[in-house]
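Next comes protein_10.pdb, with PDB, C-alpha atoms, pLDDT in the B column.
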ATOM      1  CA  MET Q   1      -1.514 -12.062  10.301  1.00 79.00           C
ATOM      2  CA  TYR Q   2      -1.642 -11.514   6.583  1.00 87.00           C
ATOM      3  CA  LEU Q   3      -3.333  -8.933   4.403  1.00 89.00           C
ATOM      4  CA  HIS Q   4      -4.834  -9.994   1.074  1.00 89.00           C
ATOM      5  CA  LEU Q   5      -3.967  -7.453  -1.644  1.00 93.00           C
ATOM      6  CA  GLY Q   6      -5.850  -9.151  -4.488  1.00 88.00           C
ATOM      7  CA  ASN Q   7      -5.336 -12.003  -6.962  1.00 89.00           C
ATOM      8  CA  ASP Q   8      -3.867 -14.464  -4.445  1.00 87.00           C
ATOM      9  CA  ILE Q   9      -1.231 -11.980  -3.238  1.00 91.00           C
ATOM     10  CA  VAL Q  10      -0.879 -11.687   0.529  1.00 91.00           C
ATOM     11  CA  VAL Q  11       1.706  -9.935   2.656  1.00 92.00           C
ATOM     12  CA  HIS Q  12       2.470 -10.243   6.345  1.00 90.00           C
ATOM     13  CA  ARG Q  13       1.311  -7.186   8.252  1.00 87.00           C
ATOM     14  CA  SER Q  14       4.722  -6.779   9.853  1.00 89.00           C
ATOM     15  CA  GLU Q  15       6.177  -6.119   6.368  1.00 92.00           C
ATOM     16  CA  ILE Q  16       3.776  -3.268   5.549  1.00 91.00           C
ATOM     17  CA  VAL Q  17       5.248   0.226   5.716  1.00 91.00           C
ATOM     18  CA  GLY Q  18       2.197   2.007   4.302  1.00 90.00           C
ATOM     19  CA  ILE Q  19      -0.968   1.734   2.249  1.00 91.00           C
ATOM     20  CA  PHE Q  20      -1.807   4.678   0.008  1.00 92.00           C
ATOM     21  CA  ASP Q  21      -4.633   5.792  -2.254  1.00 91.00           C
ATOM     22  CA  ILE Q  22      -3.030   5.955  -5.687  1.00 90.00           C
ATOM     23  CA  GLU Q  23      -5.297   8.687  -7.050  1.00 88.00           C
ATOM     24  CA  ASN Q  24      -4.841  11.132  -4.176  1.00 86.00           C
ATOM     25  CA  THR Q  25      -1.151  10.551  -3.520  1.00 86.00           C
ATOM     26  CA  SER Q  26       0.221  10.186  -7.045  1.00 80.00           C
ATOM     27  CA  ILE Q  27      -0.428  13.863  -7.807  1.00 85.00           C
ATOM     28  CA  LYS Q  28       2.404  14.817  -5.430  1.00 87.00           C
ATOM     29  CA  LYS Q  29       5.855  15.229  -6.955  1.00 89.00           C
ATOM     30  CA  ASN Q  30       7.578  13.134  -4.263  1.00 90.00           C
ATOM     31  CA  THR Q  31       5.167  10.248  -4.734  1.00 90.00           C
ATOM     32  CA  LYS Q  32       5.588  10.325  -8.510  1.00 91.00           C
ATOM     33  CA  GLU Q  33       9.363  10.229  -8.099  1.00 92.00           C
ATOM     34  CA  PHE Q  34       9.116   7.406  -5.549  1.00 93.00           C
ATOM     35  CA  LEU Q  35       6.903   5.272  -7.811  1.00 93.00           C
ATOM     36  CA  LYS Q  36       9.091   6.009 -10.841  1.00 94.00           C
ATOM     37  CA  TYR Q  37      12.236   4.986  -8.962  1.00 95.00           C
ATOM     38  CA  ALA Q  38      10.541   1.846  -7.608  1.00 95.00           C
ATOM     39  CA  GLU Q  39       9.445   0.901 -11.133  1.00 95.00           C
ATOM     40  CA  GLN Q  40      12.939   1.455 -12.553  1.00 96.00           C
ATOM     41  CA  SER Q  41      14.461  -0.564  -9.692  1.00 95.00           C
ATOM     42  CA  GLY Q  42      12.161  -3.530 -10.305  1.00 96.00           C
ATOM     43  CA  GLU Q  43      10.409  -3.118  -6.959  1.00 96.00           C
ATOM     44  CA  VAL Q  44       6.876  -2.735  -8.359  1.00 96.00           C
ATOM     45  CA  ILE Q  45       4.539  -5.720  -8.491  1.00 95.00           C
ATOM     46  CA  ASN Q  46       1.194  -5.269 -10.226  1.00 95.00           C
ATOM     47  CA  VAL Q  47      -1.306  -7.349  -8.295  1.00 93.00           C
ATOM     48  CA  SER Q  48      -3.887  -6.869 -11.050  1.00 87.00           C
ATOM     49  CA  PHE Q  49      -4.098  -5.298 -14.456  1.00 84.00           C
ATOM     50  CA  GLU Q  50      -7.395  -3.652 -13.557  1.00 90.00           C
ATOM     51  CA  MET Q  51      -7.547   0.072 -12.751  1.00 92.00           C
ATOM     52  CA  PRO Q  52      -5.200   0.579  -9.773  1.00 93.00           C
ATOM     53  CA  LYS Q  53      -6.702   2.109  -6.650  1.00 94.00           C
ATOM     54  CA  SER Q  54      -3.923   1.773  -4.095  1.00 94.00           C
ATOM     55  CA  PHE Q  55      -0.294   0.928  -3.588  1.00 94.00           C
ATOM     56  CA  VAL Q  56       1.227  -0.890  -0.649  1.00 94.00           C
ATOM     57  CA  VAL Q  57       4.848  -0.383   0.347  1.00 95.00           C
ATOM     58  CA  CYS Q  58       6.433  -3.395   2.060  1.00 95.00           C
ATOM     59  CA  VAL Q  59       9.909  -4.184   3.337  1.00 95.00           C
ATOM     60  CA  LYS Q  60      11.075  -7.725   4.044  1.00 94.00           C
ATOM     61  CA  ASP Q  61      14.672  -8.522   4.983  1.00 94.00           C
ATOM     62  CA  GLY Q  62      15.724  -5.040   3.855  1.00 93.00           C
ATOM     63  CA  VAL Q  63      14.166  -5.442   0.394  1.00 94.00           C
ATOM     64  CA  GLN Q  64      11.423  -3.006  -0.580  1.00 96.00           C
ATOM     65  CA  LYS Q  65       8.464  -3.993  -2.752  1.00 96.00           C
ATOM     66  CA  VAL Q  66       5.625  -1.791  -3.959  1.00 96.00           C
ATOM     67  CA  TYR Q  67       2.381  -3.622  -4.707  1.00 96.00           C
ATOM     68  CA  ILE Q  68      -0.076  -1.905  -7.037  1.00 95.00           C
ATOM     69  CA  SER Q  69      -3.573  -3.139  -6.172  1.00 95.00           C
ATOM     70  CA  GLN Q  70      -7.057  -2.794  -7.620  1.00 95.00           C
ATOM     71  CA  ILE Q  71      -8.433  -2.830  -4.070  1.00 94.00           C
ATOM     72  CA  SER Q  72      -9.102   0.564  -2.492  1.00 93.00           C
ATOM     73  CA  CYS Q  73      -7.082   1.670   0.516  1.00 89.00           C
ATOM     74  CA  GLN Q  74     -10.364   1.889   2.454  1.00 88.00           C
ATOM     75  CA  THR Q  75     -11.056  -1.811   1.848  1.00 90.00           C
ATOM     76  CA  LEU Q  76      -7.476  -2.758   2.697  1.00 89.00           C
ATOM     77  CA  ARG Q  77      -7.763  -0.700   5.871  1.00 84.00           C
ATOM     78  CA  LYS Q  78     -10.915  -2.564   6.911  1.00 83.00           C
ATOM     79  CA  ARG Q  79      -9.189  -5.878   6.259  1.00 82.00           C
ATOM     80  CA  ALA Q  80      -6.166  -4.862   8.326  1.00 78.00           C
ATOM     81  CA  GLU Q  81      -7.966  -3.380  11.337  1.00 74.00           C
ATOM     82  CA  GLY Q  82      -7.808  -5.495  14.437  1.00 59.00           C
ATOM     83  CA  ASN Q  83      -5.685  -8.282  12.959  1.00 56.00           C
ATOM     84  CA  GLU Q  84      -2.387  -7.664  14.723  1.00 50.00           C
ATOM     85  CA  ASP Q  85      -0.533  -5.235  16.969  1.00 47.00           C
ATOM     86  CA  THR Q  86       1.720  -4.050  14.138  1.00 46.00           C
ATOM     87  CA  ARG Q  87       1.657  -0.372  13.243  1.00 49.00           C
ATOM     88  CA  VAL Q  88       0.430   0.279   9.712  1.00 52.00           C
ATOM     89  CA  GLU Q  89       0.298   3.700   8.057  1.00 53.00           C
ATOM     90  CA  PHE Q  90      -2.623   4.553   5.791  1.00 52.00           C
ATOM     91  CA  PHE Q  91      -3.383   7.554   3.691  1.00 50.00           C
ATOM     92  CA  ASP Q  92      -6.883   8.725   4.591  1.00 52.00           C
ATOM     93  CA  CYS Q  93      -8.584   8.718   1.202  1.00 53.00           C
ATOM     94  CA  LYS Q  94     -11.342  11.134   2.158  1.00 53.00           C
ATOM     95  CA  ASN Q  95      -9.433  13.703   4.198  1.00 56.00           C
ATOM     96  CA  GLY Q  96      -6.044  13.574   2.496  1.00 53.00           C
ATOM     97  CA  LYS Q  97      -3.978  12.848   5.622  1.00 53.00           C
ATOM     98  CA  GLU Q  98      -2.033   9.968   7.109  1.00 51.00           C
ATOM     99  CA  ILE Q  99      -3.463   7.877   9.923  1.00 49.00           C
ATOM    100  CA  SER Q 100      -1.972   5.026  11.917  1.00 49.00           C
ATOM    101  CA  LEU Q 101      -3.374   1.733  13.072  1.00 44.00           C
ATOM    102  CA  TYR Q 102      -1.888  -0.151  15.993  1.00 37.00           C
TER     103      TYR Q 102
END

Could the structure of this file be written out as C-alpha cells, please?
Amino acid sequence: MYLHLGNDIVVHRSEIVGIFDIENTSIKKNTKEFLKYAEQSGEVINVSFEMPKSFVVCVKDGVQKVYISQISCQTLRKRAEGNEDTRVEFFDCKNGKEISLY
C-alpha cells in the first residue's frame, strides 16, 4: 500500500521509517542536526511550498529521503492506519512521544 504525502507524491509504506510533527520535533538539537545533514546531503524533498507540518523519513534500496509535507502527522497517521502490516513509527503530536502502528 502507498501513503499520499501531498501534491501527487506517494511512498510505499514499507519504505517509511517514521513520520514526525515538524513543529514539535524540530526544537530538539538532534532533529535539527538530522534535518540539516539531510538537506546538505540532498536527501530532502519538499512536497509543497506551503507551511510544513510534518516530515517523513523513508529508505528505499539503502537510500534515505526526507519528505517535508504540508499535511499534518495526524492526517498522515489516519491515512496509514489499517493499510498494511508494515510497522510505521509516528511522533504523537499531542503527547510528544513516539507510537508504533503495525

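Distances here use all atoms listed in the file; by that measure, the residue among Q:Leu3, Q:Cys73, Q:Ala38, Q:Ile19 closest to Lys53 in chain Q is Q:Cys73.
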
Quick one: residues within 7 Å of (-8.1, -0.4, -4.0) (file frame), counting all atoms listed in the file, please, as a PDB file with C-alpha atoms, in the coordinates of the input.
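Printed below is point_4.pdb as written:
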ATOM      1  CA  PRO Q  52      -5.200   0.579  -9.773  1.00 93.00           C
ATOM      2  CA  LYS Q  53      -6.702   2.109  -6.650  1.00 94.00           C
ATOM      3  CA  SER Q  54      -3.923   1.773  -4.095  1.00 94.00           C
ATOM      4  CA  SER Q  69      -3.573  -3.139  -6.172  1.00 95.00           C
ATOM      5  CA  GLN Q  70      -7.057  -2.794  -7.620  1.00 95.00           C
ATOM      6  CA  ILE Q  71      -8.433  -2.830  -4.070  1.00 94.00           C
ATOM      7  CA  SER Q  72      -9.102   0.564  -2.492  1.00 93.00           C
ATOM      8  CA  CYS Q  73      -7.082   1.670   0.516  1.00 89.00           C
ATOM      9  CA  THR Q  75     -11.056  -1.811   1.848  1.00 90.00           C
TER      10      THR Q  75
END

Selected residue of minimal separation from Glu81 in chain Q among Q:Phe20, Q:Phe34, Q:Phe49, Q:Tyr2, counting only C-alpha atoms: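 Closest to Glu81 in chain Q of all the choices is Q:Tyr2.
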
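Relative to CA of Glu39 in chain Q, CA of Arg13 in chain Q is found at 22.5 Å.
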
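We find CA of Glu15 in chain Q and CA of Lys60 in chain Q to be spaced 5.7 Å apart.
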
CA of Leu76 in chain Q to CA of Val63 in chain Q, distance in Å rounded to a single decimal: 21.9 Å

Distance query 10 Å from (-0.8, -11.3, 8.8) using all atoms listed in the file, result as a list in words: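 In the file's frame, the residues around the point are Met1, Tyr2, Leu3, His4, Val10, Val11, His12, Arg13, Ser14, Glu15, Ile16, Ala80, Asn83, Glu84 and Thr86 of chain Q.
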
Picked residues, the PyMOL selection byres ((chain Q and resi 65) around 6), expected as a list in words: Glu43, Val44, Val57, Cys58, Gln64 and Val66 of chain Q

Using the file's own x, y and z axes, so that the box edges lie along x, y and z, what centre and edge lengths in Å (one decimal) does a box around every listed atom of range 17-24 of chain Q get when 8 Å is added on each side? Give it as AutoDock Vina command-line options.
--center_x 0.0 --center_y 5.7 --center_z -0.7 --size_x 26.5 --size_y 26.9 --size_z 28.8

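Using only C-alpha atoms for every distance, the candidate list Q:Gln74, Q:Val59, Q:Arg79, Q:Ser48 yields Q:Ser48 as the residue closest to Ile9 in chain Q.
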
Residue nearest Arg77 in chain Q - candidates Q:Lys29, Q:Ile45, Q:Ile22, Q:Leu5, atoms counted: only C-alpha atoms: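 Selected residue with least distance to Arg77 in chain Q: Q:Leu5.
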
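The closest residue to Asn7 in chain Q, picked from Q:Val56, Q:Ile68, Q:Val47, Q:Leu35 and counting only C-alpha atoms, is Q:Val47.
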
Since the input lacks atoms, please generate all heavy atoms for range 62-73 of chain Q and provide them as a short mmCIF file (atom, residue, chain, number, x, y, z; two decimals), in the frame of the given file.
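Result file follows (result38.cif):
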data_model
loop_
_atom_site.label_atom_id
_atom_site.label_comp_id
_atom_site.auth_asym_id
_atom_site.auth_seq_id
_atom_site.Cartn_x
_atom_site.Cartn_y
_atom_site.Cartn_z
N GLY Q 62 15.04 -6.18 4.45
CA GLY Q 62 15.72 -5.04 3.86
C GLY Q 62 15.42 -4.79 2.39
O GLY Q 62 15.98 -3.89 1.78
N VAL Q 63 14.53 -5.59 1.81
CA VAL Q 63 14.17 -5.44 0.39
C VAL Q 63 12.78 -4.81 0.31
O VAL Q 63 11.82 -5.32 0.88
CB VAL Q 63 14.18 -6.81 -0.33
CG1 VAL Q 63 13.75 -6.65 -1.78
CG2 VAL Q 63 15.55 -7.44 -0.24
N GLN Q 64 12.69 -3.70 -0.42
CA GLN Q 64 11.42 -3.01 -0.58
C GLN Q 64 10.66 -3.52 -1.80
O GLN Q 64 11.25 -3.77 -2.84
CB GLN Q 64 11.68 -1.51 -0.75
CG GLN Q 64 10.42 -0.71 -0.99
CD GLN Q 64 10.70 0.76 -1.03
OE1 GLN Q 64 10.76 1.40 -0.01
NE2 GLN Q 64 10.89 1.29 -2.24
N LYS Q 65 9.35 -3.65 -1.65
CA LYS Q 65 8.46 -3.99 -2.75
C LYS Q 65 7.27 -3.05 -2.69
O LYS Q 65 6.80 -2.68 -1.62
CB LYS Q 65 7.99 -5.43 -2.66
CG LYS Q 65 9.12 -6.43 -2.76
CD LYS Q 65 8.65 -7.70 -3.41
CE LYS Q 65 9.74 -8.73 -3.46
NZ LYS Q 65 10.75 -8.51 -4.42
N VAL Q 66 6.79 -2.66 -3.87
CA VAL Q 66 5.62 -1.79 -3.96
C VAL Q 66 4.57 -2.55 -4.74
O VAL Q 66 4.75 -2.86 -5.92
CB VAL Q 66 5.96 -0.46 -4.67
CG1 VAL Q 66 4.72 0.41 -4.77
CG2 VAL Q 66 7.07 0.28 -3.93
N TYR Q 67 3.47 -2.89 -4.08
CA TYR Q 67 2.38 -3.62 -4.71
C TYR Q 67 1.33 -2.64 -5.19
O TYR Q 67 0.84 -1.82 -4.42
CB TYR Q 67 1.75 -4.60 -3.71
CG TYR Q 67 2.69 -5.69 -3.27
CD1 TYR Q 67 3.49 -5.53 -2.14
CD2 TYR Q 67 2.77 -6.89 -3.97
CE1 TYR Q 67 4.36 -6.53 -1.73
CE2 TYR Q 67 3.64 -7.90 -3.56
CZ TYR Q 67 4.42 -7.70 -2.45
OH TYR Q 67 5.28 -8.70 -2.05
N ILE Q 68 0.99 -2.72 -6.46
CA ILE Q 68 -0.08 -1.90 -7.04
C ILE Q 68 -1.33 -2.77 -7.04
O ILE Q 68 -1.34 -3.85 -7.64
CB ILE Q 68 0.27 -1.46 -8.48
CG1 ILE Q 68 1.64 -0.81 -8.55
CG2 ILE Q 68 -0.83 -0.56 -9.04
CD1 ILE Q 68 1.77 0.50 -7.84
N SER Q 69 -2.38 -2.32 -6.36
CA SER Q 69 -3.57 -3.14 -6.17
C SER Q 69 -4.83 -2.47 -6.72
O SER Q 69 -4.94 -1.24 -6.70
CB SER Q 69 -3.77 -3.42 -4.69
OG SER Q 69 -4.95 -4.16 -4.45
N GLN Q 70 -5.76 -3.28 -7.16
CA GLN Q 70 -7.06 -2.79 -7.62
C GLN Q 70 -8.02 -2.61 -6.46
O GLN Q 70 -9.13 -2.12 -6.64
CB GLN Q 70 -7.66 -3.76 -8.65
CG GLN Q 70 -8.32 -4.99 -8.10
CD GLN Q 70 -7.36 -6.11 -7.70
OE1 GLN Q 70 -6.16 -5.95 -7.66
NE2 GLN Q 70 -7.91 -7.27 -7.41
N ILE Q 71 -7.59 -2.96 -5.25
CA ILE Q 71 -8.43 -2.83 -4.07
C ILE Q 71 -8.17 -1.47 -3.43
O ILE Q 71 -7.03 -1.05 -3.28
CB ILE Q 71 -8.15 -3.96 -3.07
CG1 ILE Q 71 -8.43 -5.31 -3.74
CG2 ILE Q 71 -8.97 -3.80 -1.82
CD1 ILE Q 71 -8.03 -6.50 -2.93
N SER Q 72 -9.24 -0.79 -3.06
CA SER Q 72 -9.10 0.56 -2.49
C SER Q 72 -8.40 0.51 -1.14
O SER Q 72 -8.43 -0.50 -0.44
CB SER Q 72 -10.47 1.22 -2.33
OG SER Q 72 -11.18 0.62 -1.27
N CYS Q 73 -7.76 1.62 -0.78
CA CYS Q 73 -7.08 1.67 0.52
C CYS Q 73 -8.10 1.57 1.65
O CYS Q 73 -7.79 1.04 2.71
CB CYS Q 73 -6.21 2.91 0.65
SG CYS Q 73 -7.06 4.47 0.69
#
